[in-house]
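Coordinates as given in protein-v2.txt (compact mmCIF, C-alpha atoms and all ligand atoms):
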# COMPACT_ATOMS: atom_id res chain seq x y z
CA MET A 108 152.69 53.19 7.78
CA ARG A 109 152.42 51.59 11.23
CA TYR A 110 154.04 48.20 11.71
CA THR A 111 152.74 46.30 14.69
CA LEU A 112 153.63 42.85 15.97
CA PRO A 113 151.16 40.55 17.74
CA GLU A 114 151.45 40.17 21.52
CA ASP A 115 153.16 36.81 21.25
CA ARG A 116 156.08 38.40 19.37
CA ILE A 117 157.43 40.22 22.43
CA PRO A 118 161.04 39.04 22.66
CA THR A 119 161.43 36.30 25.30
CA ALA A 120 165.16 36.87 25.84
CA TRP A 121 167.27 40.02 26.18
CA PHE A 122 170.26 40.62 23.90
CA ASN A 123 173.47 40.81 25.93
CA ALA A 124 176.12 43.07 24.38
CA LEU A 125 178.88 42.10 26.83
CA PRO A 126 180.17 38.92 25.13
CA ARG A 127 179.94 40.61 21.71
CA LEU A 128 182.06 43.71 22.34
CA GLN A 129 185.25 44.00 20.23
CA GLU A 130 187.19 45.01 23.33
CA PRO A 131 186.04 43.57 26.68
CA LEU A 132 184.58 46.02 29.16
CA MET A 133 186.96 47.22 31.87
CA PRO A 134 185.64 46.26 35.35
CA PRO A 135 183.99 48.74 37.74
CA LEU A 136 186.34 49.67 40.61
CA HIS A 137 185.61 49.95 44.33
CA PRO A 138 185.46 53.65 45.32
CA GLY A 139 187.68 53.01 48.37
CA THR A 140 190.23 50.39 47.31
CA ARG A 141 190.15 51.04 43.55
CA GLU A 142 190.18 47.26 43.07
CA PRO A 143 187.60 45.59 40.77
CA VAL A 144 184.27 45.25 42.59
CA GLY A 145 182.85 41.80 43.25
CA PRO A 146 179.19 40.77 43.64
CA ASP A 147 179.38 41.19 47.44
CA ASP A 148 180.36 44.86 47.09
CA LEU A 149 177.16 45.53 45.13
CA ALA A 150 174.85 43.39 47.28
CA PRO A 151 173.74 46.25 49.60
CA LEU A 152 172.35 48.06 46.55
CA PHE A 153 171.12 45.47 44.04
CA PRO A 154 169.54 42.01 44.00
CA MET A 155 171.89 39.16 43.06
CA ALA A 156 169.98 38.45 39.83
CA LEU A 157 170.78 41.96 38.53
CA ILE A 158 174.39 41.77 39.74
CA GLY A 159 174.65 38.52 37.76
CA GLN A 160 173.26 40.21 34.66
CA GLU A 161 175.68 43.11 35.12
CA MET A 162 178.60 40.72 34.62
CA SER A 163 177.02 37.97 32.52
CA GLY A 164 178.79 36.49 29.50
CA ASP A 165 175.66 34.73 28.21
CA PRO A 166 174.68 36.06 24.78
CA TRP A 167 170.94 35.87 25.59
CA ILE A 168 169.17 36.14 28.96
CA ASP A 169 165.62 34.83 29.36
CA ILE A 170 162.95 37.38 30.33
CA PRO A 171 160.96 36.04 33.33
CA GLY A 172 157.29 35.28 32.66
CA GLU A 173 156.19 37.71 35.40
CA VAL A 174 158.01 40.53 33.58
CA LEU A 175 156.60 39.58 30.18
CA GLU A 176 153.10 39.59 31.64
CA ILE A 177 153.45 43.27 32.54
CA LEU A 178 155.36 44.29 29.38
CA ARG A 179 152.40 42.89 27.46
CA LEU A 180 150.30 45.86 28.69
CA TRP A 181 151.94 47.97 25.96
CA ARG A 182 154.45 45.82 24.05
CA PRO A 183 155.30 45.20 21.28
CA THR A 184 155.36 48.94 20.61
CA PRO A 185 154.61 50.21 17.09
CA LEU A 186 157.24 50.97 14.47
CA VAL A 187 155.98 53.92 12.45
CA ARG A 188 157.15 55.33 9.13
CA ALA A 189 157.25 59.13 9.40
CA GLU A 190 156.02 59.65 5.86
CA ARG A 191 154.56 63.11 6.46
CA LEU A 192 157.88 64.30 7.85
CA GLU A 193 159.67 62.75 4.84
CA LYS A 194 157.34 64.62 2.45
CA PHE A 195 157.79 67.88 4.33
CA LEU A 196 161.58 67.52 4.10
CA GLY A 197 161.41 66.40 0.46
CA THR A 198 163.85 63.62 1.19
CA PRO A 199 164.25 60.30 -0.58
CA ALA A 200 165.15 58.80 2.84
CA ARG A 201 162.69 56.53 4.63
CA ILE A 202 162.39 57.51 8.28
CA TYR A 203 161.08 55.04 10.85
CA PHE A 204 160.56 55.62 14.55
CA LYS A 205 160.06 53.09 17.30
CA ASP A 206 157.33 54.46 19.52
CA GLU A 207 158.32 53.86 23.16
CA SER A 208 156.04 56.70 24.28
CA VAL A 209 153.07 54.30 24.46
CA SER A 210 154.17 52.76 27.78
CA PRO A 211 152.04 53.59 30.86
CA ALA A 212 154.66 56.03 32.15
CA GLY A 213 155.22 57.54 28.69
CA SER A 214 158.76 56.42 27.87
CA HIS A 215 161.13 53.51 27.32
CA LYS A 216 162.12 53.60 31.00
CA THR A 217 159.32 51.23 31.96
CA ASN A 218 161.07 48.34 30.17
CA THR A 219 163.79 48.11 32.81
CA ALA A 220 161.70 49.43 35.72
CA VAL A 221 159.46 46.36 35.55
CA ALA A 222 162.39 43.96 35.41
CA GLN A 223 164.20 45.67 38.29
CA ALA A 224 161.12 45.76 40.52
CA PHE A 225 160.50 42.07 39.80
CA TYR A 226 164.01 40.91 40.74
CA ASN A 227 164.02 43.03 43.91
CA GLN A 228 160.69 41.68 45.07
CA ALA A 229 161.78 38.11 44.27
CA GLU A 230 164.73 38.57 46.67
CA GLY A 231 162.59 39.88 49.54
CA ILE A 232 163.17 43.62 49.18
CA THR A 233 160.15 45.78 50.10
CA ARG A 234 161.34 49.31 49.30
CA ILE A 235 163.33 50.91 46.44
CA SER A 236 165.05 54.29 46.31
CA THR A 237 166.01 56.02 43.10
CA GLU A 238 166.84 59.30 41.40
CA THR A 239 165.00 60.92 38.53
CA GLY A 240 166.01 63.70 36.16
CA ALA A 241 163.15 64.68 33.89
CA GLY A 242 160.81 62.53 35.96
CA GLN A 243 160.37 59.86 33.29
CA TRP A 244 162.42 57.30 35.19
CA GLY A 245 160.72 58.08 38.50
CA THR A 246 157.27 57.61 36.98
CA ALA A 247 158.36 54.36 35.32
CA LEU A 248 159.71 52.97 38.59
CA ALA A 249 156.67 54.17 40.55
CA PHE A 250 154.45 52.27 38.08
CA ALA A 251 156.63 49.14 38.30
CA CYS A 252 156.81 49.21 42.12
CA ARG A 253 153.01 49.40 42.22
CA GLN A 254 152.84 46.21 40.13
CA PHE A 255 154.99 44.35 42.67
CA ASP A 256 153.72 46.01 45.90
CA LEU A 257 157.01 47.75 46.64
CA GLU A 258 157.43 51.13 48.33
CA CYS A 259 159.15 53.66 46.07
CA LYS A 260 161.16 56.72 47.17
CA VAL A 261 162.20 59.12 44.42
CA TYR A 262 164.86 61.85 44.69
CA MET A 263 163.97 64.23 41.87
CA VAL A 264 166.50 66.73 40.49
CA ARG A 265 165.29 70.05 41.91
CA SER A 266 165.18 71.96 38.60
CA SER A 267 162.85 69.29 37.13
CA TYR A 268 160.86 69.09 40.38
CA ASP A 269 160.13 72.80 39.96
CA GLN A 270 159.60 72.69 36.15
CA LYS A 271 157.48 69.52 36.03
CA PRO A 272 154.98 69.35 38.91
CA TYR A 273 152.71 66.95 37.02
CA ARG A 274 155.46 64.33 36.91
CA LYS A 275 155.47 64.35 40.70
CA ILE A 276 151.70 63.95 40.79
CA MET A 277 151.94 61.00 38.41
CA MET A 278 154.52 59.29 40.65
CA GLU A 279 152.36 59.93 43.70
CA THR A 280 149.32 58.50 41.89
CA TRP A 281 151.23 55.22 41.71
CA GLY A 282 152.06 55.50 45.42
CA ALA A 283 155.64 56.80 45.30
CA SER A 284 157.02 59.42 47.65
CA VAL A 285 158.94 62.22 45.90
CA VAL A 286 161.40 64.76 47.30
CA PRO A 287 163.59 67.38 45.56
CA SER A 288 167.35 66.75 45.38
CA PRO A 289 169.94 67.64 46.59
CA VAL A 290 168.17 67.22 49.91
CA ALA A 291 170.97 68.97 51.79
CA ASP A 292 171.09 72.12 49.62
CA PRO A 293 167.72 73.67 48.70
CA SER A 294 169.48 76.47 46.77
CA SER A 295 171.00 74.02 44.24
CA PRO A 296 169.13 73.18 40.98
CA GLY A 297 170.58 69.68 41.37
CA SER A 298 171.89 67.20 38.85
CA LEU A 299 171.45 63.51 38.17
CA GLY A 300 174.80 62.85 39.86
CA MET A 301 173.60 64.56 43.06
CA ALA A 302 170.25 62.76 43.04
CA ILE A 303 172.05 59.42 42.64
CA SER A 304 174.10 60.27 45.76
CA ASP A 305 170.89 60.96 47.71
CA ALA A 306 169.22 57.74 46.56
CA VAL A 307 172.29 55.56 47.23
CA ALA A 308 172.69 57.08 50.72
CA ASP A 309 169.04 56.21 51.43
CA ALA A 310 169.45 52.58 50.29
CA VAL A 311 172.65 51.81 52.20
CA GLN A 312 171.05 52.95 55.46
CA ARG A 313 168.15 50.47 55.35
CA ALA A 314 168.10 46.67 55.14
CA ASP A 315 164.65 46.62 53.50
CA THR A 316 165.74 48.98 50.71
CA HIS A 317 167.67 48.58 47.48
CA TYR A 318 168.73 51.23 45.01
CA SER A 319 167.60 51.25 41.40
CA LEU A 320 169.26 53.08 38.52
CA GLY A 321 167.33 54.01 35.38
CA SER A 322 170.25 54.08 32.97
CA VAL A 323 174.04 53.63 32.58
CA LEU A 324 174.48 50.12 34.01
CA ASN A 325 174.82 47.02 31.84
CA HIS A 326 171.65 45.36 33.15
CA VAL A 327 169.60 48.47 32.33
CA LEU A 328 170.76 48.49 28.71
CA LEU A 329 170.14 44.75 28.59
CA HIS A 330 166.48 45.19 29.60
CA GLN A 331 166.03 47.88 26.96
CA THR A 332 167.12 45.62 24.07
CA VAL A 333 163.48 44.59 23.54
CA ILE A 334 163.25 47.90 21.63
CA GLY A 335 165.84 47.02 18.99
CA LEU A 336 164.85 43.35 18.80
CA GLU A 337 161.26 44.28 17.98
CA ALA A 338 162.32 47.05 15.58
CA LYS A 339 164.51 44.62 13.63
CA GLU A 340 161.54 42.34 13.05
CA GLN A 341 159.22 45.26 12.23
CA LEU A 342 161.60 46.69 9.62
CA VAL A 343 161.34 43.39 7.78
CA LEU A 344 157.53 43.71 7.93
CA ALA A 345 157.97 47.15 6.38
CA GLY A 346 159.89 45.60 3.49
CA GLU A 347 163.32 46.75 4.62
CA THR A 348 166.35 44.63 5.36
CA LEU A 349 168.55 46.66 7.69
CA PRO A 350 168.54 50.38 8.46
CA ASP A 351 171.50 52.46 7.28
CA VAL A 352 171.55 54.38 10.51
CA VAL A 353 170.10 53.94 14.02
CA ILE A 354 169.75 57.07 16.13
CA ALA A 355 168.74 57.74 19.75
CA PRO A 356 169.06 60.46 22.36
CA CYS A 357 171.75 59.67 24.89
CA GLY A 358 171.65 60.62 28.57
CA GLY A 359 173.07 57.61 30.37
CA GLY A 360 172.69 55.52 27.23
CA SER A 361 169.78 53.18 27.99
CA ASN A 362 167.31 53.84 25.16
CA LEU A 363 170.24 54.18 22.76
CA GLY A 364 171.61 50.83 23.92
CA GLY A 365 168.12 49.38 23.71
CA ILE A 366 167.55 50.26 20.09
CA ALA A 367 171.16 50.07 18.84
CA LEU A 368 172.76 47.04 20.51
CA PRO A 369 170.75 44.45 18.57
CA PHE A 370 172.30 46.01 15.42
CA MET A 371 175.88 46.18 16.77
CA GLN A 372 177.03 43.14 14.79
CA ASP A 373 175.47 44.37 11.54
CA ALA A 374 178.57 46.07 10.19
CA THR A 375 176.78 48.25 7.61
CA VAL A 376 174.51 49.88 10.20
CA ARG A 377 175.76 53.19 11.61
CA LEU A 378 174.90 53.76 15.27
CA VAL A 379 174.51 57.38 16.40
CA ALA A 380 174.25 58.87 19.92
CA VAL A 381 172.71 62.33 20.20
CA GLU A 382 173.45 64.53 23.18
CA PRO A 383 172.96 68.16 24.23
CA MET A 384 175.79 70.58 23.46
CA SER A 385 175.48 71.83 27.04
CA CYS A 386 176.27 68.38 28.47
CA PRO A 387 178.52 66.90 25.75
CA THR A 388 179.74 63.74 27.47
CA LEU A 389 180.61 61.63 24.43
CA THR A 390 181.64 64.44 22.09
CA GLU A 391 183.79 66.42 24.53
CA GLY A 392 184.26 64.33 27.68
CA SER A 393 187.32 62.21 28.35
CA PHE A 394 187.38 58.45 28.68
CA GLU A 395 188.38 57.66 32.25
CA TYR A 396 187.31 55.93 35.44
CA ASP A 397 184.82 58.19 37.18
CA PHE A 398 182.13 57.98 39.83
CA GLY A 399 178.53 57.55 38.74
CA ASP A 400 177.38 60.09 41.34
CA THR A 401 178.56 63.47 42.55
CA ALA A 402 179.51 62.49 46.10
CA GLY A 403 181.83 59.66 45.04
CA MET A 404 179.89 56.83 46.72
CA THR A 405 179.30 54.60 43.69
CA PRO A 406 181.84 52.33 42.03
CA LEU A 407 184.14 53.96 39.48
CA LEU A 408 183.01 53.17 35.95
CA PRO A 409 185.10 53.21 32.75
CA MET A 410 183.24 55.82 30.73
CA TYR A 411 183.30 59.12 28.90
CA SER A 412 182.78 61.75 31.56
CA LEU A 413 182.74 65.50 32.06
CA GLY A 414 183.85 64.95 35.67
CA HIS A 415 181.50 63.80 38.43
CA ASP A 416 181.19 67.35 39.78
CA PHE A 417 180.18 68.79 36.38
CA MET A 418 177.04 70.91 36.79
CA PRO A 419 175.06 71.00 33.53
CA PRO A 420 172.90 74.03 32.68
CA GLU A 421 169.16 73.74 33.32
CA ILE A 422 168.08 72.57 29.87
CA HIS A 423 164.62 71.07 29.46
CA ALA A 424 165.94 67.67 28.43
CA GLY A 425 166.51 66.82 32.10
CA GLY A 426 167.17 63.19 31.25
CA LEU A 427 170.23 64.17 29.22
CA ARG A 428 171.87 66.16 32.04
CA TYR A 429 174.29 63.47 33.17
CA HIS A 430 178.06 63.87 33.49
CA GLY A 431 178.89 60.31 32.47
CA ASP A 432 177.69 57.60 30.13
CA SER A 433 177.05 53.91 30.04
CA PRO A 434 180.31 51.88 29.95
CA ILE A 435 178.89 49.82 27.06
CA ILE A 436 178.08 52.95 25.02
CA SER A 437 181.45 54.49 25.96
CA ASN A 438 183.21 51.30 24.82
CA LEU A 439 181.41 51.38 21.45
CA VAL A 440 182.27 55.05 20.91
CA LYS A 441 185.89 54.52 21.96
CA THR A 442 186.35 51.60 19.58
CA GLY A 443 184.75 53.57 16.72
CA ARG A 444 181.65 51.37 16.39
CA MET A 445 179.33 54.21 17.42
CA GLU A 446 179.29 57.90 16.49
CA ALA A 447 178.16 60.82 18.65
CA VAL A 448 176.75 64.25 17.77
CA ALA A 449 175.71 67.17 19.97
CA TYR A 450 173.06 69.85 19.36
CA PRO A 451 172.12 73.08 21.11
CA GLN A 452 168.70 73.06 22.77
CA GLY A 453 167.05 75.43 20.25
CA LYS A 454 167.84 73.14 17.30
CA THR A 455 166.26 70.18 19.06
CA PHE A 456 163.05 72.10 19.79
CA GLU A 457 162.87 73.27 16.16
CA ALA A 458 162.99 69.59 15.21
CA ALA A 459 160.44 68.61 17.85
CA MET A 460 158.06 71.31 16.55
CA MET A 461 158.54 70.12 12.97
CA PHE A 462 157.71 66.59 14.08
CA ALA A 463 154.63 67.71 16.03
CA ASN A 464 153.41 69.67 13.00
CA THR A 465 153.93 66.86 10.48
CA GLU A 466 153.48 63.58 12.35
CA GLY A 467 151.22 65.09 15.00
CA LYS A 468 153.04 63.61 17.98
CA LEU A 469 154.56 65.83 20.65
CA PRO A 470 157.94 64.44 21.72
CA ALA A 471 159.79 64.71 25.01
CA PRO A 472 162.68 67.22 24.85
CA GLU A 473 165.14 64.30 25.06
CA THR A 474 163.47 62.66 22.08
CA GLY A 475 163.76 65.95 20.17
CA HIS A 476 167.52 65.32 20.06
CA ALA A 477 167.06 62.09 18.08
CA ILE A 478 164.53 63.77 15.79
CA ARG A 479 167.02 66.58 15.05
CA ALA A 480 169.69 64.05 14.06
CA ALA A 481 167.20 62.00 12.00
CA ILE A 482 166.11 65.15 10.14
CA ASP A 483 169.73 66.09 9.45
CA GLU A 484 170.43 62.59 8.12
CA ALA A 485 167.35 62.87 5.89
CA LEU A 486 168.44 66.29 4.61
CA ALA A 487 171.91 64.92 3.84
CA ALA A 488 170.22 62.12 1.88
CA LYS A 489 168.29 64.78 -0.05
CA GLU A 490 171.59 66.35 -1.10
CA THR A 491 173.01 63.04 -2.33
CA GLY A 492 169.72 61.55 -3.57
CA GLU A 493 170.30 58.48 -1.44
CA GLU A 494 167.32 56.31 -0.38
CA LYS A 495 168.67 56.00 3.12
CA VAL A 496 166.76 54.03 5.77
CA ILE A 497 166.78 55.91 9.07
CA LEU A 498 165.57 54.39 12.32
CA PHE A 499 165.30 56.43 15.50
CA ASP A 500 164.00 55.84 18.98
CA TYR A 501 160.95 57.89 19.92
CA SER A 502 161.91 57.52 23.57
CA GLY A 503 159.03 59.41 25.17
CA HIS A 504 156.14 61.84 24.79
CA GLY A 505 156.31 65.44 25.89
CA PHE A 506 152.82 65.86 27.37
CA LEU A 507 154.32 66.77 30.73
CA ASP A 508 156.97 69.04 29.16
CA LEU A 509 154.60 71.67 27.82
CA SER A 510 156.28 74.52 29.68
CA ALA A 511 159.40 73.75 27.60
CA TYR A 512 157.38 74.17 24.39
CA ASP A 513 155.91 77.36 25.80
CA ASP A 514 159.44 78.67 26.47
CA PHE A 515 160.47 77.77 22.92
CA MET A 516 157.46 79.43 21.30
CA HIS A 517 157.92 82.59 23.36
CA GLY A 518 161.67 82.97 22.86
CA ARG A 519 162.57 82.16 26.45
CA LEU A 520 164.59 79.05 25.71
CA LEU A 521 168.24 79.02 26.69
CA ASP A 522 169.92 78.12 23.39
CA ALA A 523 172.85 76.36 25.01
C1 LIG B 1 162.17 60.46 27.10
C2 LIG B 1 163.59 60.21 27.45
N1 LIG B 1 164.46 59.94 26.47
C3 LIG B 1 165.78 59.73 26.74
C4 LIG B 1 166.27 59.79 28.03
C5 LIG B 1 167.72 59.58 28.25
O1 LIG B 1 168.03 58.50 29.07
P1 LIG B 1 168.79 57.25 28.51
O2 LIG B 1 170.04 57.76 27.87
O3 LIG B 1 169.07 56.41 29.70
O4 LIG B 1 167.91 56.57 27.55
C6 LIG B 1 165.40 60.07 29.09
C7 LIG B 1 165.88 60.13 30.47
O5 LIG B 1 165.22 60.49 31.39
C8 LIG B 1 164.03 60.28 28.79
O6 LIG B 1 163.16 60.56 29.76
Have the structure of the file written as structure tokens, please.
Ligand SMILES: Cc1ncc(COP(=O)(O)O)c(C=O)c1O
Amino acid sequence: MRYTLPEDRIPTAWFNALPRLQEPLMPPLHPGTREPVGPDDLAPLFPMALIGQEMSGDPWIDIPGEVLEILRLWRPTPLVRAERLEKFLGTPARIYFKDESVSPAGSHKTNTAVAQAFYNQAEGITRISTETGAGQWGTALAFACRQFDLECKVYMVRSSYDQKPYRKIMMETWGASVVPSPVADPSSPGSLGMAISDAVADAVQRADTHYSLGSVLNHVLLHQTVIGLEAKEQLVLAGETLPDVVIAPCGGGSNLGGIALPFMQDATVRLVAVEPMSCPTLTEGSFEYDFGDTAGMTPLLPMYSLGHDFMPPEIHAGGLRYHGDSPIISNLVKTGRMEAVAYPQGKTFEAAMMFANTEGKLPAPETGHAIRAAIDEALAAKETGEEKVILFDYSGHGFLDLSAYDDFMHGRLLDA
């Protein structure tokens, strides 16, 4: 029930969605002039190699050997058939999950963290600043910076900083320095948008420092495509051709892009984004140019947004509390290639508990969103008797989210 690939089957090139989109992506705009940004505008924040990837028209981009050497610590990740869950549901559907929780930091985020740290170090940068929501991205970047001897400064959304002290300890174990955000307002629970403002402000002040973003941007989704590329090969090992539906939780869109983009040209495959009802960017936001952060310092991106000053409630899926979405994901939703669904928090924890009690694995609250949608697809297949093939991204484990499970089991969960 577990489909593994040998080490030498890690993809050696990333899948670039940009030249394959039905409608080309609209350019990011300068926050001051509102003109399209050029590479020089982004140079204070990112290394040129990543700026190049952000705009590249090449269909495939080679993964540097130094990056592959580190990815090999946990990749290829297993593809697992959730047969016990299928039996419990009594569904004729076959449910597969791609287990990204086996990375050192516990989620998919490490795939891009390693690449970003590598390119920064290669261009002489010695320090990186970033934001983190649930703490998964911060831990991934702390791990990656340690591999390349870079200093790492993490601005952690205050509500997660308070809810998840062990995440902070994990980041510090890998040498990062972690502070709660917003730095200027200790009474605010914070949001990803605010933490991005803090991290960008840090990077622009120092010549030795670049900024690193864990989601949203084109190069981040690009680095995550190893997930879908491996899964495609593993499904064949499992005796399948293509899945009927590919599902992932969507915060800024990186693990969703990672698993779904390699299937974007397979017309029969449905692609589904799952988001929280309390932060319903794709299902209720409007498609517009908006800032990536709260303070309005980043370029304006063409995306579905709830407004850059939107303050999401303090749900446990901290990584899904983002007002905007990746331009690539937004483009796919706008053109009808991708669907989006939203669930209230309680429904996602019910699903996470069902998964833990059948498959045995305890998912991150973000991952619980994908599990909910996968279960609903499987139950729909039970109604119709269809042998549907469902693939979802198991984006991270929930070992450091136990207080969320405790809240759920004791009726303290905000069912927003
Ligand atoms: C486990 C997990 N899944 C999903 C997400 C959502 O992020 P993204 O949409 O960039 O994949 C996060 C973000 O922190 C996460 O930690």
Nearby residues, ligand LIG 1 (chain B), 8 Å, only C-alpha atoms and all ligand atoms, as JSON, numbers by chain:
{"A": [208, 213, 214, 215, 216, 239, 240, 241, 242, 243, 244, 321, 322, 323, 355, 356, 357, 358, 359, 360, 361, 362, 363, 364, 424, 425, 426, 427, 432, 470, 471, 472, 473, 474, 501, 502, 503, 504, 505]}
I'd like the contact shell of A:Ser294 - 10 Å cut-off, only C-alpha atoms, skipping same-chain residues fewer than 4 positions apart - returned as a PDB file with C-alpha atoms, in the coordinates of the input.
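File written: out26.pdb
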ATOM      1  CA  ARG A 265     165.290  70.050  41.910  1.00  0.00           C
ATOM      2  CA  PRO A 289     169.940  67.640  46.590  1.00  0.00           C
ATOM      3  CA  VAL A 290     168.170  67.220  49.910  1.00  0.00           C
TER       4      VAL A 290
END
I'd like the contact shell of A:Ala488 - 12 Å cut-off, all atoms listed in the file, skipping same-chain residues fewer than 2 positions apart - returned as a list in words.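 The residues satisfying every condition are Glu193, Leu196, Gly197, Thr198, Pro199, Ala200, Arg201, Ile202, Asp351, Val352, Ala481, Ile482, Asp483, Glu484, Ala485, Leu486, Glu490, Thr491, Gly492, Glu493, Glu494, Lys495, Val496 and Ile497 of chain A.
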Could you work out an axis-aligned box for stretch 226-232 of chain A, taking every atom the file lists and adding 4 Å on each side, and report centre and edge lengths in Å to one decimal, as lines of an AutoDock Vina configuration file?
center_x = 162.7
center_y = 40.9
center_z = 45.1
size_x = 12.0
size_y = 13.5
size_z = 16.8
#### Entry: Distance in Å - atom CA of A:Thr375 versus atom CA of A:Arg444
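Rounded to one decimal, the two atoms are 10.5 Å apart.
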